[in-house]
Structure formats: C-alpha cells, structure tokens
$ cat upload_32.pdb   # PDB, C-alpha atoms and all ligand atoms
ATOM      1  CA  ILE A   1      66.234 -69.342-123.081
ATOM      2  CA  GLU A   2      64.979 -71.850-125.634
ATOM      3  CA  GLU A   3      68.096 -74.014-125.058
ATOM      4  CA  ALA A   4      67.602 -73.846-121.302
ATOM      5  CA  GLU A   5      63.948 -74.825-121.653
ATOM      6  CA  LYS A   6      64.867 -77.745-123.913
ATOM      7  CA  PHE A   7      67.442 -78.876-121.386
ATOM      8  CA  ARG A   8      64.910 -78.580-118.548
ATOM      9  CA  ILE A   9      62.360 -80.732-120.405
ATOM     10  CA  GLU A  10      64.946 -83.367-121.313
ATOM     11  CA  TYR A  11      66.292 -83.393-117.777
ATOM     12  CA  TRP A  12      62.873 -83.990-116.230
ATOM     13  CA  ALA A  13      61.984 -86.616-118.819
ATOM     14  CA  LEU A  14      65.098 -88.490-117.739
ATOM     15  CA  GLU A  15      64.304 -88.033-114.053
ATOM     16  CA  GLU A  16      60.766 -89.322-114.598
ATOM     17  CA  ALA A  17      62.048 -92.339-116.458
ATOM     18  CA  LYS A  18      64.359 -93.037-113.515
ATOM     19  CA  LEU A  19      61.462 -92.762-111.076
ATOM     20  CA  ARG A  20      59.331 -95.153-113.115
ATOM     21  CA  ARG A  21      62.118 -97.728-112.890
ATOM     22  CA  MET A  22      62.357 -97.202-109.136
ATOM     23  CA  PRO A  23      61.112-100.268-107.259
ATOM     24  CA  LYS A  24      58.148 -99.739-104.943
ATOM     25  CA  PRO A  25      58.514-100.841-101.308
ATOM     26  CA  LYS A  26      56.708-104.092-100.585
ATOM     27  CA  PRO A  27      54.495-104.795 -97.552
ATOM     28  CA  LEU A  28      56.329-106.391 -94.647
ATOM     29  CA  ALA A  29      54.297-109.576 -95.003
ATOM     30  CA  THR A  30      56.148-110.308 -98.227
ATOM     31  CA  ARG A  31      59.586-109.440 -96.939
ATOM     32  CA  VAL A  32      62.632-111.160 -95.510
ATOM     33  CA  ALA A  33      64.686-109.339 -92.894
ATOM     34  CA  LEU A  34      68.145-110.001 -91.521
ATOM     35  CA  VAL A  35      68.780-108.414 -88.119
ATOM     36  CA  THR A  36      72.289-108.503 -86.662
ATOM     37  CA  GLY A  37      72.618-108.813 -82.891
ATOM     38  CA  ALA A  38      69.025-110.056 -82.741
ATOM     39  CA  GLY A  39      69.804-112.549 -79.972
ATOM     40  CA  SER A  40      69.291-109.876 -77.322
ATOM     41  CA  GLY A  41      67.850-106.500 -76.363
ATOM     42  CA  ILE A  42      66.976-104.061 -79.131
ATOM     43  CA  GLY A  43      67.717-106.489 -81.986
ATOM     44  CA  ARG A  44      65.451-109.106 -80.455
ATOM     45  CA  ALA A  45      62.626-106.562 -80.132
ATOM     46  CA  ILE A  46      63.111-105.527 -83.777
ATOM     47  CA  ALA A  47      63.028-109.154 -84.954
ATOM     48  CA  ARG A  48      59.912-109.781 -82.873
ATOM     49  CA  ARG A  49      58.127-106.738 -84.324
ATOM     50  CA  LEU A  50      59.038-107.609 -87.914
ATOM     51  CA  VAL A  51      57.735-111.162 -87.475
ATOM     52  CA  ALA A  52      54.566-109.778 -85.867
ATOM     53  CA  GLU A  53      54.101-107.652 -89.007
ATOM     54  CA  GLY A  54      54.399-110.729 -91.200
ATOM     55  CA  ALA A  55      58.053-110.719 -92.258
ATOM     56  CA  CYS A  56      60.391-113.707 -92.111
ATOM     57  CA  VAL A  57      63.515-112.946 -90.107
ATOM     58  CA  VAL A  58      67.094-114.153 -89.995
ATOM     59  CA  VAL A  59      68.354-113.756 -86.438
ATOM     60  CA  ALA A  60      72.065-113.118 -86.993
ATOM     61  CA  ASP A  61      74.099-113.083 -83.794
ATOM     62  CA  LEU A  62      77.551-113.982 -82.524
ATOM     63  CA  ASP A  63      75.936-115.802 -79.606
ATOM     64  CA  ALA A  64      74.602-119.045 -81.105
ATOM     65  CA  LYS A  65      72.557-119.956 -78.043
ATOM     66  CA  SER A  66      70.630-116.714 -77.671
ATOM     67  CA  GLY A  67      70.144-116.443 -81.453
ATOM     68  CA  ALA A  68      68.621-119.938 -81.572
ATOM     69  CA  ALA A  69      66.390-119.156 -78.587
ATOM     70  CA  VAL A  70      65.035-116.013 -80.268
ATOM     71  CA  ALA A  71      64.408-117.819 -83.584
ATOM     72  CA  GLU A  72      62.503-120.497 -81.659
ATOM     73  CA  GLU A  73      60.525-117.885 -79.722
ATOM     74  CA  LEU A  74      59.558-116.211 -83.018
ATOM     75  CA  GLY A  75      57.962-119.339 -84.420
ATOM     76  CA  GLY A  76      60.805-121.491 -85.727
ATOM     77  CA  PRO A  77      61.964-122.227 -89.280
ATOM     78  CA  ASP A  78      58.828-121.050 -91.108
ATOM     79  CA  ARG A  79      59.206-117.527 -89.712
ATOM     80  CA  ALA A  80      62.666-117.168 -88.181
ATOM     81  CA  VAL A  81      66.025-118.886 -88.478
ATOM     82  CA  ALA A  82      69.162-118.287 -86.453
ATOM     83  CA  VAL A  83      72.537-117.795 -88.086
ATOM     84  CA  THR A  84      75.696-117.568 -86.021
ATOM     85  CA  VAL A  85      77.809-114.749 -87.369
ATOM     86  CA  ASP A  86      80.614-112.510 -86.246
ATOM     87  CA  VAL A  87      79.957-109.300 -88.184
ATOM     88  CA  THR A  88      83.668-108.432 -88.163
ATOM     89  CA  SER A  89      84.309-111.345 -90.538
ATOM     90  CA  GLU A  90      83.852-110.865 -94.275
ATOM     91  CA  GLU A  91      83.347-114.610 -94.822
ATOM     92  CA  GLN A  92      80.869-115.032 -92.013
ATOM     93  CA  VAL A  93      78.786-112.051 -93.154
ATOM     94  CA  ALA A  94      78.646-113.493 -96.687
ATOM     95  CA  GLY A  95      77.696-116.829 -95.101
ATOM     96  CA  ALA A  96      74.808-115.215 -93.186
ATOM     97  CA  PHE A  97      73.320-113.826 -96.405
ATOM     98  CA  ALA A  98      73.797-117.198 -98.123
ATOM     99  CA  ALA A  99      71.942-118.842 -95.235
ATOM    100  CA  ALA A 100      69.141-116.282 -95.619
ATOM    101  CA  ALA A 101      68.859-117.091 -99.330
ATOM    102  CA  LEU A 102      68.700-120.778 -98.504
ATOM    103  CA  ALA A 103      66.055-120.339 -95.808
ATOM    104  CA  PHE A 104      63.808-117.690 -97.360
ATOM    105  CA  GLY A 105      65.023-117.069-100.927
ATOM    106  CA  GLY A 106      66.694-113.692-100.345
ATOM    107  CA  VAL A 107      66.750-110.604 -98.136
ATOM    108  CA  ASP A 108      65.253-107.147 -98.649
ATOM    109  CA  LEU A 109      65.386-105.587 -95.188
ATOM    110  CA  VAL A 110      68.622-105.499 -93.238
ATOM    111  CA  VAL A 111      69.169-104.045 -89.780
ATOM    112  CA  ASN A 112      72.704-103.230 -88.636
ATOM    113  CA  ASN A 113      72.163-103.560 -84.910
ATOM    114  CA  ALA A 114      74.997-105.719 -83.480
ATOM    115  CA  GLY A 115      77.169-103.826 -81.051
ATOM    116  CA  ILE A 116      79.166-103.750 -77.871
ATOM    117  CA  SER A 117      80.128-100.881 -75.632
ATOM    118  CA  ILE A 118      83.566-100.415 -74.179
ATOM    119  CA  SER A 119      82.959 -97.485 -71.942
ATOM    120  CA  LYS A 120      86.136 -95.982 -70.533
ATOM    121  CA  PRO A 121      87.750 -92.595 -70.019
ATOM    122  CA  LEU A 122      90.159 -91.560 -72.764
ATOM    123  CA  ALA A 123      93.280 -92.274 -70.671
ATOM    124  CA  ASP A 124      92.207 -95.894 -70.059
ATOM    125  CA  THR A 125      91.099 -96.646 -73.633
ATOM    126  CA  THR A 126      93.561 -99.064 -75.214
ATOM    127  CA  VAL A 127      94.293 -99.597 -78.892
ATOM    128  CA  ARG A 128      92.609-102.980 -78.539
ATOM    129  CA  ASP A 129      89.463-101.304 -77.141
ATOM    130  CA  TRP A 130      89.437 -98.830 -80.014
ATOM    131  CA  ASP A 131      90.012-101.498 -82.674
ATOM    132  CA  LEU A 132      87.424-103.920 -81.291
ATOM    133  CA  GLN A 133      84.774-101.236 -80.968
ATOM    134  CA  HIS A 134      85.377-100.119 -84.547
ATOM    135  CA  ALA A 135      85.710-103.674 -85.893
ATOM    136  CA  ILE A 136      82.233-104.600 -84.654
ATOM    137  CA  MET A 137      80.324-101.404 -85.318
ATOM    138  CA  ALA A 138      82.149 -99.518 -88.106
ATOM    139  CA  ARG A 139      83.662-102.408 -90.105
ATOM    140  CA  GLY A 140      80.879-104.860 -89.189
ATOM    141  CA  SER A 141      78.076-102.626 -90.383
ATOM    142  CA  PHE A 142      80.038-101.768 -93.531
ATOM    143  CA  LEU A 143      80.473-105.482 -94.335
ATOM    144  CA  VAL A 144      76.782-106.157 -93.712
ATOM    145  CA  ALA A 145      75.759-103.140 -95.811
ATOM    146  CA  ARG A 146      78.024-104.170 -98.686
ATOM    147  CA  GLU A 147      76.595-107.682 -98.774
ATOM    148  CA  ALA A 148      73.041-106.366 -98.369
ATOM    149  CA  ALA A 149      73.525-104.002-101.319
ATOM    150  CA  ARG A 150      74.984-106.784-103.455
ATOM    151  CA  VAL A 151      72.038-109.074-102.750
ATOM    152  CA  MET A 152      69.363-106.376-103.109
ATOM    153  CA  ARG A 153      70.848-105.076-106.368
ATOM    154  CA  ALA A 154      70.883-108.594-107.785
ATOM    155  CA  GLN A 155      67.259-109.139-106.725
ATOM    156  CA  GLY A 156      66.368-105.880-108.464
ATOM    157  CA  PHE A 157      63.470-104.691-106.330
ATOM    158  CA  GLY A 158      65.223-102.447-103.826
ATOM    159  CA  GLY A 159      65.016-102.756-100.074
ATOM    160  CA  ASP A 160      65.789-101.203 -96.730
ATOM    161  CA  LEU A 161      68.957-100.878 -94.754
ATOM    162  CA  VAL A 162      68.550 -99.566 -91.204
ATOM    163  CA  TYR A 163      71.372 -98.708 -88.816
ATOM    164  CA  ILE A 164      70.809 -98.751 -85.080
ATOM    165  CA  ALA A 165      73.350 -96.041 -84.294
ATOM    166  CA  SER A 166      73.004 -93.943 -81.136
ATOM    167  CA  LYS A 167      72.407 -90.501 -79.724
ATOM    168  CA  ASN A 168      76.150 -90.717 -79.056
ATOM    169  CA  ALA A 169      76.781 -90.679 -82.807
ATOM    170  CA  VAL A 170      75.877 -87.006 -82.723
ATOM    171  CA  PHE A 171      76.067 -85.783 -79.124
ATOM    172  CA  ALA A 172      78.985 -86.023 -76.735
ATOM    173  CA  GLY A 173      78.973 -87.831 -73.407
ATOM    174  CA  PRO A 174      81.834 -88.645 -71.057
ATOM    175  CA  ASN A 175      83.930 -91.817 -70.942
ATOM    176  CA  ASN A 176      83.099 -93.575 -74.181
ATOM    177  CA  VAL A 177      85.210 -92.090 -76.930
ATOM    178  CA  ALA A 178      85.755 -95.415 -78.773
ATOM    179  CA  TYR A 179      82.037 -96.313 -78.740
ATOM    180  CA  SER A 180      80.818 -92.870 -79.767
ATOM    181  CA  ALA A 181      83.392 -92.506 -82.549
ATOM    182  CA  ALA A 182      82.339 -95.891 -83.974
ATOM    183  CA  LYS A 183      78.681 -94.804 -83.757
ATOM    184  CA  ALA A 184      79.521 -91.583 -85.620
ATOM    185  CA  ASP A 185      81.110 -93.744 -88.320
ATOM    186  CA  GLN A 186      77.857 -95.708 -88.614
ATOM    187  CA  ALA A 187      75.820 -92.508 -88.812
ATOM    188  CA  HIS A 188      77.917 -91.264 -91.702
ATOM    189  CA  GLN A 189      77.591 -94.627 -93.463
ATOM    190  CA  VAL A 190      73.832 -93.951 -93.446
ATOM    191  CA  ARG A 191      74.271 -90.682 -95.363
ATOM    192  CA  LEU A 192      76.934 -92.014 -97.718
ATOM    193  CA  LEU A 193      75.039 -95.179 -98.607
ATOM    194  CA  ALA A 194      71.709 -93.372 -98.941
ATOM    195  CA  ALA A 195      73.449 -91.302-101.630
ATOM    196  CA  GLU A 196      75.022 -94.307-103.331
ATOM    197  CA  LEU A 197      72.183 -96.835-103.223
ATOM    198  CA  GLY A 198      69.188 -94.578-103.876
ATOM    199  CA  GLU A 199      69.169 -95.262-107.609
ATOM    200  CA  ASP A 200      68.687 -98.951-106.865
ATOM    201  CA  GLY A 201      65.644 -98.260-104.708
ATOM    202  CA  ILE A 202      67.577 -99.139-101.569
ATOM    203  CA  ARG A 203      66.678 -96.782 -98.745
ATOM    204  CA  VAL A 204      69.192 -96.299 -95.939
ATOM    205  CA  ASN A 205      68.088 -94.814 -92.641
ATOM    206  CA  GLY A 206      69.246 -94.694 -89.044
ATOM    207  CA  VAL A 207      67.673 -94.925 -85.615
ATOM    208  CA  ASN A 208      69.436 -93.207 -82.722
ATOM    209  CA  PRO A 209      68.338 -94.667 -79.382
ATOM    210  CA  ASP A 210      69.437 -93.543 -75.947
ATOM    211  CA  GLY A 211      69.071 -94.949 -72.456
ATOM    212  CA  VAL A 212      67.545 -98.344 -73.296
ATOM    213  CA  VAL A 213      68.559 -99.922 -70.024
ATOM    214  CA  ARG A 214      65.982-102.692 -69.466
ATOM    215  CA  GLY A 215      66.636-105.754 -71.616
ATOM    216  CA  SER A 216      69.961-104.441 -72.907
ATOM    217  CA  GLY A 217      72.922-106.797 -72.681
ATOM    218  CA  ILE A 218      75.227-103.822 -73.133
ATOM    219  CA  PHE A 219      73.934-102.209 -69.953
ATOM    220  CA  ALA A 220      73.883-105.485 -68.008
ATOM    221  CA  GLY A 221      77.423-106.320 -69.127
ATOM    222  CA  GLY A 222      79.233-103.456 -67.419
ATOM    223  CA  TRP A 223      78.109-100.309 -69.183
ATOM    224  CA  GLY A 224      75.300 -99.859 -66.653
ATOM    225  CA  ALA A 225      77.727 -99.996 -63.720
ATOM    226  CA  GLN A 226      80.074 -97.589 -65.458
ATOM    227  CA  ARG A 227      77.282 -95.135 -66.321
ATOM    228  CA  ALA A 228      75.856 -95.331 -62.812
ATOM    229  CA  ALA A 229      79.309 -94.519 -61.388
ATOM    230  CA  THR A 230      79.660 -91.595 -63.817
ATOM    231  CA  TYR A 231      76.352 -90.147 -62.641
ATOM    232  CA  GLY A 232      76.899 -91.062 -58.985
ATOM    233  CA  ILE A 233      73.739 -93.207 -58.676
ATOM    234  CA  GLU A 234      72.938 -96.858 -57.948
ATOM    235  CA  GLU A 235      72.821 -99.089 -61.020
ATOM    236  CA  GLU A 236      69.216-100.219 -60.348
ATOM    237  CA  LYS A 237      68.120 -96.590 -60.559
ATOM    238  CA  LEU A 238      69.682 -96.027 -63.973
ATOM    239  CA  GLY A 239      66.493 -96.611 -66.023
ATOM    240  CA  GLU A 240      64.576 -94.140 -63.902
ATOM    241  CA  PHE A 241      67.504 -91.671 -64.003
ATOM    242  CA  TYR A 242      67.536 -91.776 -67.801
ATOM    243  CA  ALA A 243      63.738 -91.391 -67.898
ATOM    244  CA  GLN A 244      63.844 -88.321 -65.666
ATOM    245  CA  ARG A 245      66.358 -86.506 -67.860
ATOM    246  CA  THR A 246      64.214 -86.916 -70.996
ATOM    247  CA  LEU A 247      61.746 -84.276 -72.126
ATOM    248  CA  LEU A 248      58.932 -86.824 -71.992
ATOM    249  CA  LYS A 249      59.992 -88.244 -68.601
ATOM    250  CA  ARG A 250      59.656 -91.718 -70.098
ATOM    251  CA  GLU A 251      61.885 -94.731 -70.075
ATOM    252  CA  VAL A 252      62.918 -95.925 -73.529
ATOM    253  CA  LEU A 253      62.450 -99.682 -74.039
ATOM    254  CA  PRO A 254      63.695-101.945 -76.858
ATOM    255  CA  GLU A 255      60.124-102.017 -78.260
ATOM    256  CA  HIS A 256      60.245 -98.262 -78.839
ATOM    257  CA  VAL A 257      63.319 -98.665 -81.024
ATOM    258  CA  ALA A 258      61.541-101.490 -82.881
ATOM    259  CA  ASN A 259      58.596 -99.121 -83.480
ATOM    260  CA  ALA A 260      60.945 -96.732 -85.295
ATOM    261  CA  VAL A 261      62.292 -99.545 -87.484
ATOM    262  CA  PHE A 262      58.714-100.468 -88.347
ATOM    263  CA  ALA A 263      57.871 -96.825 -89.114
ATOM    264  CA  LEU A 264      60.829 -96.653 -91.509
ATOM    265  CA  THR A 265      60.242 -99.963 -93.248
ATOM    266  CA  GLY A 266      56.510-100.642 -92.906
ATOM    267  CA  GLY A 267      55.613 -99.042 -96.221
ATOM    268  CA  GLU A 268      54.558 -95.464 -95.447
ATOM    269  CA  LEU A 269      57.901 -93.623 -95.556
ATOM    270  CA  THR A 270      58.460 -94.467 -99.195
ATOM    271  CA  HIS A 271      60.367 -91.242 -99.964
ATOM    272  CA  THR A 272      62.627 -91.096 -96.935
ATOM    273  CA  THR A 273      66.305 -91.987 -97.088
ATOM    274  CA  GLY A 274      69.397 -90.751 -95.239
ATOM    275  CA  LEU A 275      67.301 -89.905 -92.159
ATOM    276  CA  HIS A 276      68.158 -90.492 -88.503
ATOM    277  CA  ILE A 277      65.249 -90.911 -86.114
ATOM    278  CA  PRO A 278      66.045 -90.260 -82.455
ATOM    279  CA  VAL A 279      64.335 -92.684 -80.051
ATOM    280  CA  ASP A 280      65.379 -91.090 -76.781
ATOM    281  CA  ALA A 281      62.183 -89.566 -75.354
ATOM    282  CA  GLY A 282      63.598 -86.159 -76.196
ATOM    283  CA  VAL A 283      67.204 -86.100 -75.006
ATOM    284  CA  ALA A 284      68.903 -85.185 -78.268
ATOM    285  CA  GLY A 285      66.259 -82.560 -79.029
ATOM    286  CA  ALA A 286      67.148 -80.383 -76.060
ATOM    287  CA  PHE A 287      70.036 -79.153 -73.976
ATOM    288  CA  LEU A 288      70.496 -81.252 -70.872
ATOM    289  CA  ARG A 289      70.520 -79.470 -67.577
TER     290      ARG A 289
HETATM  291  P1  LIG A 301      72.673-106.160 -76.414
HETATM  292  O1  LIG A 301      74.009-106.486 -75.828
HETATM  293  O2  LIG A 301      71.459-106.614 -75.683
HETATM  294  O3  LIG A 301      72.608-106.677 -77.925
HETATM  295  C1  LIG A 301      73.736-106.659 -78.765
HETATM  296  C2  LIG A 301      73.790-107.974 -79.535
HETATM  297  O4  LIG A 301      74.867-107.866 -80.479
HETATM  298  C3  LIG A 301      74.078-109.196 -78.642
HETATM  299  O5  LIG A 301      73.125-110.204 -78.887
HETATM  300  C4  LIG A 301      75.480-109.624 -79.059
HETATM  301  O6  LIG A 301      75.689-111.034 -78.981
HETATM  302  C5  LIG A 301      75.527-109.136 -80.507
HETATM  303  N1  LIG A 301      76.895-108.970 -80.976
HETATM  304  C6  LIG A 301      77.954-108.415 -80.324
HETATM  305  N2  LIG A 301      79.047-108.493 -81.078
HETATM  306  C7  LIG A 301      78.706-109.114 -82.226
HETATM  307  C8  LIG A 301      79.412-109.499 -83.405
HETATM  308  N3  LIG A 301      80.730-109.272 -83.509
HETATM  309  N4  LIG A 301      78.741-110.110 -84.394
HETATM  310  C9  LIG A 301      77.412-110.364 -84.275
HETATM  311  N5  LIG A 301      76.688-110.033 -83.192
HETATM  312  C10 LIG A 301      77.330-109.416 -82.180
HETATM  313  O7  LIG A 301      72.670-104.564 -76.552
HETATM  314  P2  LIG A 301      71.502-103.544 -77.025
HETATM  315  O8  LIG A 301      71.402-102.513 -75.976
HETATM  316  O9  LIG A 301      70.305-104.261 -77.485
HETATM  317  O10 LIG A 301      72.229-102.845 -78.265
HETATM  318  C11 LIG A 301      71.884-103.080 -79.612
HETATM  319  C12 LIG A 301      72.419-101.933 -80.458
HETATM  320  O11 LIG A 301      71.800-100.708 -80.048
HETATM  321  C13 LIG A 301      73.925-101.705 -80.336
HETATM  322  O12 LIG A 301      74.476-101.370 -81.585
HETATM  323  C14 LIG A 301      74.009-100.518 -79.401
HETATM  324  O13 LIG A 301      75.194 -99.791 -79.558
HETATM  325  C15 LIG A 301      72.789 -99.737 -79.846
HETATM  326  N6  LIG A 301      72.354 -98.748 -78.856
HETATM  327  C16 LIG A 301      71.901 -99.161 -77.644
HETATM  328  C17 LIG A 301      71.502 -98.206 -76.721
HETATM  329  C18 LIG A 301      70.967 -98.578 -75.381
HETATM  330  O14 LIG A 301      70.623 -97.653 -74.642
HETATM  331  N7  LIG A 301      70.873 -99.857 -75.036
HETATM  332  C19 LIG A 301      71.566 -96.832 -77.045
HETATM  333  C20 LIG A 301      72.049 -96.469 -78.287
HETATM  334  C21 LIG A 301      72.432 -97.437 -79.191
END
$ encode --input "upload_32.pdb" --output "structure tokens" --more "lines below"
Ligand code: NAD
Amino acid sequence: IEEAEKFRIEYWALEEAKLRRMPKPKPLATRVALVTGAGSGIGRAIARRLVAEGACVVVADLDAKSGAAVAEELGGPDRAVAVTVDVTSEEQVAGAFAAAALAFGGVDLVVNNAGISISKPLADTTVRDWDLQHAIMARGSFLVAREAARVMRAQGFGGDLVYIASKNAVFAGPNNVAYSAAKADQAHQVRLLAAELGEDGIRVNGVNPDGVVRGSGIFAGGWGAQRAATYGIEEEKLGEFYAQRTLLKREVLPEHVANAVFALTGGELTHTTGLHIPVDAGVAGAFLR
C-alpha cells in the first residue's frame, strides 16, 4: 500500500508539473488564424468572425480571386492577407504557412475547411472522383495539420486546430460515398491529433455542419441539384427542405458554423480537445423520419 501511495504521489506531481508547463490559450485579439477555403461560404464566414473578434487572418484558398476579395473585404493587409494554395500540395501548404509568418509573425489558430463535394451514387463514382475527394479533404487537411503542428510547436505556446468535417463523417446519406468517407477520415484525424498534440497545448476539435445551402459554393456547384434530385424537390426549395427536417426547424447558415469555431477557440473551452460539435439544427441528434 505504501508503495502504491508513493507511486500515486509521484505520478500526480509529474502530472501537475506537466500542467504548469501547458500553455494557456490567448485571447483572439492577439492571435493569427489561417483558414483554408476561406474564399467562399463557411470559410469566409469563419474568417469574418475571427477578424471581428480581433484576430488577424490568412485567407488560404485555391481560388486566388475570391481569396483576394475576402481579404480585402476583411480590412486588407493589416487584418487579412490572401494566400493562393492548393491544400493537396505539400510545397504549397508549407508556402502558405511561410506567407503567414511573413505577414503576421506566425500562426496559432488553423481551420481545415477547404473542400469539394463529388456527389454520386456508388456505381458512378470513379477512381478519379475518389482520389480527388480524398486528396483535398483527407490528405489536404493532414498536410495543413502537420505544418500547423510544426509551426505551433516551434512557437511554444500551443494553439488551436479546427476541422470543418460534416454530419456525413458520422451518419450515412445516399449518393456521396467518396465525400463521406473523406469526411470520416477528417473526423478521425481530429481524435488522433488531439491525442498526439495535447502535450504541446495544441487543441484539436471538429465542427460537423449539415445543410448549409445559402452561400455555399459546394451546393451552388452541382451538389444542390444532385441533392434536390435525390429528395425529389426543386433546388430553390432545398434550404427550406433542410430546415424542415431539423429538430429546430431552422436553416443553418455559414455564420452558425463560424459561431461554433468561435466557441471552440474564443478562450472559454480551455479544457476541450478531440470534440466534434454538430451545427445542424438537430439532425445528427435524432433519427430522421
Ligand atoms: P464552398 O465551395 O463555398 O467553399 C469551399 C472553398 O474551398 C472554396 O473557396 C474553394 O475554392 C476551396 N477549395 C476547394 N479545393 C481547394 C484546394 N484544393 N485547396 C484550397 N482550397 C480549396 O463550400 P462550403 O459549403 O463553404 O464548404 C466548406 C467546408 O464545409 C467543406 O469542407 C465542406 O465539405 C464542409 N461542409 C459543408 C456543408 C454544407 O452544408 N455546405 C456541410 C458539411 C460540411
């Protein structure tokens, strides 16, 4: 018993020492964020919210034009800079973080948001579809996370990594096996990296949206038409259709996803890592009729 007690005391002394070394989260007004896919939709809303809370933001998007427009809209070089990046490329991802260091001296909040949706039945899904979907969302978010961890570890004061995954990472829907499998990969990266990066004070969390139709390039670019056909409704009615199937009977907008990112990174949830927050007005929380 004495040995066990001695062990217990030593163990907790070590744990306490670890906690004391643990960096404290900083207020958003002192932070620099890099948001992938921030040229449109959900990413743009996240970037806008983070700037509104005082952070400086790197708008990292494949589409140079929309990225530049968002950076301009957010106040220009003092608050937001645009970096053109294809997240599937190791070199370009490293380049985006280098650009962030140049513009704002570092990065301590990174949002893995870039994505596309190839929405097809299994029989029509090609190897190219599968590979592209996974290259952008599974490999892309891994590359961004790896670079984020490298930078944050070197800075030595921790940080936040947030994945915009999806309800589809957990729940099944028809006709998008490649997309949903890549989202499930992202969701597991959240758990794995929360476990690996916790000691460095880097918190890793996920947000799982669903049905963000308005403002979403993914929906406008074909997914909306496909979904509408699946449900047998007109595409213009899709937002309302999604709202009606939620528990709250509310449409989910990009701003609501941004609210969740703020909740996770704004300084209150200091002891939360490895969590997924659904932002779906209550779809994932209940069986659908
Ligand atoms: P969106 O098309 O408006 O935004 C996606 C952005 O990602 C675009 O600006 C696009 O240029 C960028 N992008 C695409 N490929 C890229 C690449 N290789 N490198 C860098 N940037 C790239 O779509 P959105 O609806 O705002 O979606 C944002 C994220 O939210 C995606 O990951 C999506 O899967 C996820 N999501 C959306 C919904 C929804 O209902 N809209 C639901 C669940 C999850």
$ residues_around --input "upload_32.pdb" --residues "stretch 164-180 of chain A" --least-positions-apart "4" --cutoff "7 Å" --atoms "all atoms listed in the file" --output "PDB file with C-alpha atoms, in the frame of the given file"
ATOM      1  CA  ASN A 112      72.704-103.230 -88.636  1.00  0.00           C
ATOM      2  CA  ASN A 113      72.163-103.560 -84.910  1.00  0.00           C
ATOM      3  CA  SER A 117      80.128-100.881 -75.632  1.00  0.00           C
ATOM      4  CA  ILE A 118      83.566-100.415 -74.179  1.00  0.00           C
ATOM      5  CA  SER A 119      82.959 -97.485 -71.942  1.00  0.00           C
ATOM      6  CA  LYS A 120      86.136 -95.982 -70.533  1.00  0.00           C
ATOM      7  CA  PRO A 121      87.750 -92.595 -70.019  1.00  0.00           C
ATOM      8  CA  LEU A 122      90.159 -91.560 -72.764  1.00  0.00           C
ATOM      9  CA  TRP A 130      89.437 -98.830 -80.014  1.00  0.00           C
ATOM     10  CA  GLN A 133      84.774-101.236 -80.968  1.00  0.00           C
ATOM     11  CA  ALA A 184      79.521 -91.583 -85.620  1.00  0.00           C
ATOM     12  CA  GLN A 186      77.857 -95.708 -88.614  1.00  0.00           C
ATOM     13  CA  ALA A 187      75.820 -92.508 -88.812  1.00  0.00           C
ATOM     14  CA  GLY A 206      69.246 -94.694 -89.044  1.00  0.00           C
ATOM     15  CA  VAL A 207      67.673 -94.925 -85.615  1.00  0.00           C
ATOM     16  CA  ASN A 208      69.436 -93.207 -82.722  1.00  0.00           C
ATOM     17  CA  PRO A 209      68.338 -94.667 -79.382  1.00  0.00           C
ATOM     18  CA  ASP A 210      69.437 -93.543 -75.947  1.00  0.00           C
ATOM     19  CA  PRO A 278      66.045 -90.260 -82.455  1.00  0.00           C
ATOM     20  CA  ALA A 284      68.903 -85.185 -78.268  1.00  0.00           C
TER      21      ALA A 284
END
$ residues_around --input "upload_32.pdb" --residues "stretch 66-80 of chain A" --least-positions-apart "3" --cutoff "7 Å" --atoms "all atoms listed in the file" --output "list in words"
Ala38, Gly39, Ser40, Arg44, Arg48, Val51, Cys56, Val57, Val58, Val59, Ala60, Asp61 and Asp63 of chain A
$ axis_aligned_box --input "upload_32.pdb" --around "ligand LIG 301 (chain A)" --padding-each-side "3 Å" --output "lines of an AutoDock Vina configuration file"
center_x = 75.5
center_y = -103.8
center_z = -79.5
size_x = 16.4
size_y = 20.6
size_z = 15.8
$ atom_distance --input "upload_32.pdb" --atom1 "atom CA of A:Thr272" --atom2 "atom CA of A:Ala286"
23.9 Å
$ resolve_selection --input "upload_32.pdb" --expression "the PyMOL selection byres (((chain A and resi 138) around 10) and not hetatm)" --output "PyMOL selection string"
chain A and resi 88+115+131-137+139-143+179+181-189
$ resolve_selection --input "upload_32.pdb" --expression "the PyMOL selection byres (((chain A and resi 91-101) around 8) and not hetatm)" --output "list in words"
Leu34, Val58, Ala60, Val83, Thr84, Val85, Asp86, Val87, Thr88, Ser89, Glu90, Leu102, Ala103, Phe104, Gly105, Gly106, Val107, Leu143, Val144, Glu147 and Ala148 of chain A
$ atom_distance --input "upload_32.pdb" --atom1 "atom O7 of ligand LIG 301 (chain A)" --atom2 "atom CA of A:Val212"
8.7 Å
$ build_atoms --input "upload_32.pdb" --residues "stretch 255-266 of chain A" --atoms "N, CA and C atoms" --output "compact mmCIF listing (two decimals), in the frame of the given file"
# COMPACT_ATOMS: atom_id res chain seq x y z
N GLU A 255 61.31 -102.05 -77.38
CA GLU A 255 60.12 -102.02 -78.26
C GLU A 255 59.98 -100.66 -78.93
N HIS A 256 60.38 -99.60 -78.25
CA HIS A 256 60.24 -98.26 -78.84
C HIS A 256 61.21 -98.09 -80.02
N VAL A 257 62.36 -98.71 -79.90
CA VAL A 257 63.32 -98.66 -81.02
C VAL A 257 62.76 -99.49 -82.19
N ALA A 258 62.15 -100.64 -81.84
CA ALA A 258 61.54 -101.49 -82.88
C ALA A 258 60.42 -100.74 -83.59
N ASN A 259 59.67 -99.91 -82.85
CA ASN A 259 58.60 -99.12 -83.48
C ASN A 259 59.17 -98.22 -84.58
N ALA A 260 60.34 -97.64 -84.31
CA ALA A 260 60.94 -96.73 -85.30
C ALA A 260 61.38 -97.51 -86.54
N VAL A 261 61.90 -98.72 -86.33
CA VAL A 261 62.29 -99.54 -87.48
C VAL A 261 61.05 -99.88 -88.31
N PHE A 262 59.95 -100.19 -87.62
CA PHE A 262 58.71 -100.47 -88.35
C PHE A 262 58.23 -99.22 -89.10
N ALA A 263 58.31 -98.07 -88.45
CA ALA A 263 57.87 -96.82 -89.11
C ALA A 263 58.67 -96.60 -90.40
N LEU A 264 59.97 -96.89 -90.34
CA LEU A 264 60.83 -96.65 -91.51
C LEU A 264 60.61 -97.67 -92.63
N THR A 265 60.25 -98.90 -92.24
CA THR A 265 60.24 -99.96 -93.25
C THR A 265 58.84 -100.51 -93.55
N GLY A 266 57.85 -100.05 -92.79
CA GLY A 266 56.51 -100.64 -92.91
C GLY A 266 55.72 -100.22 -94.13
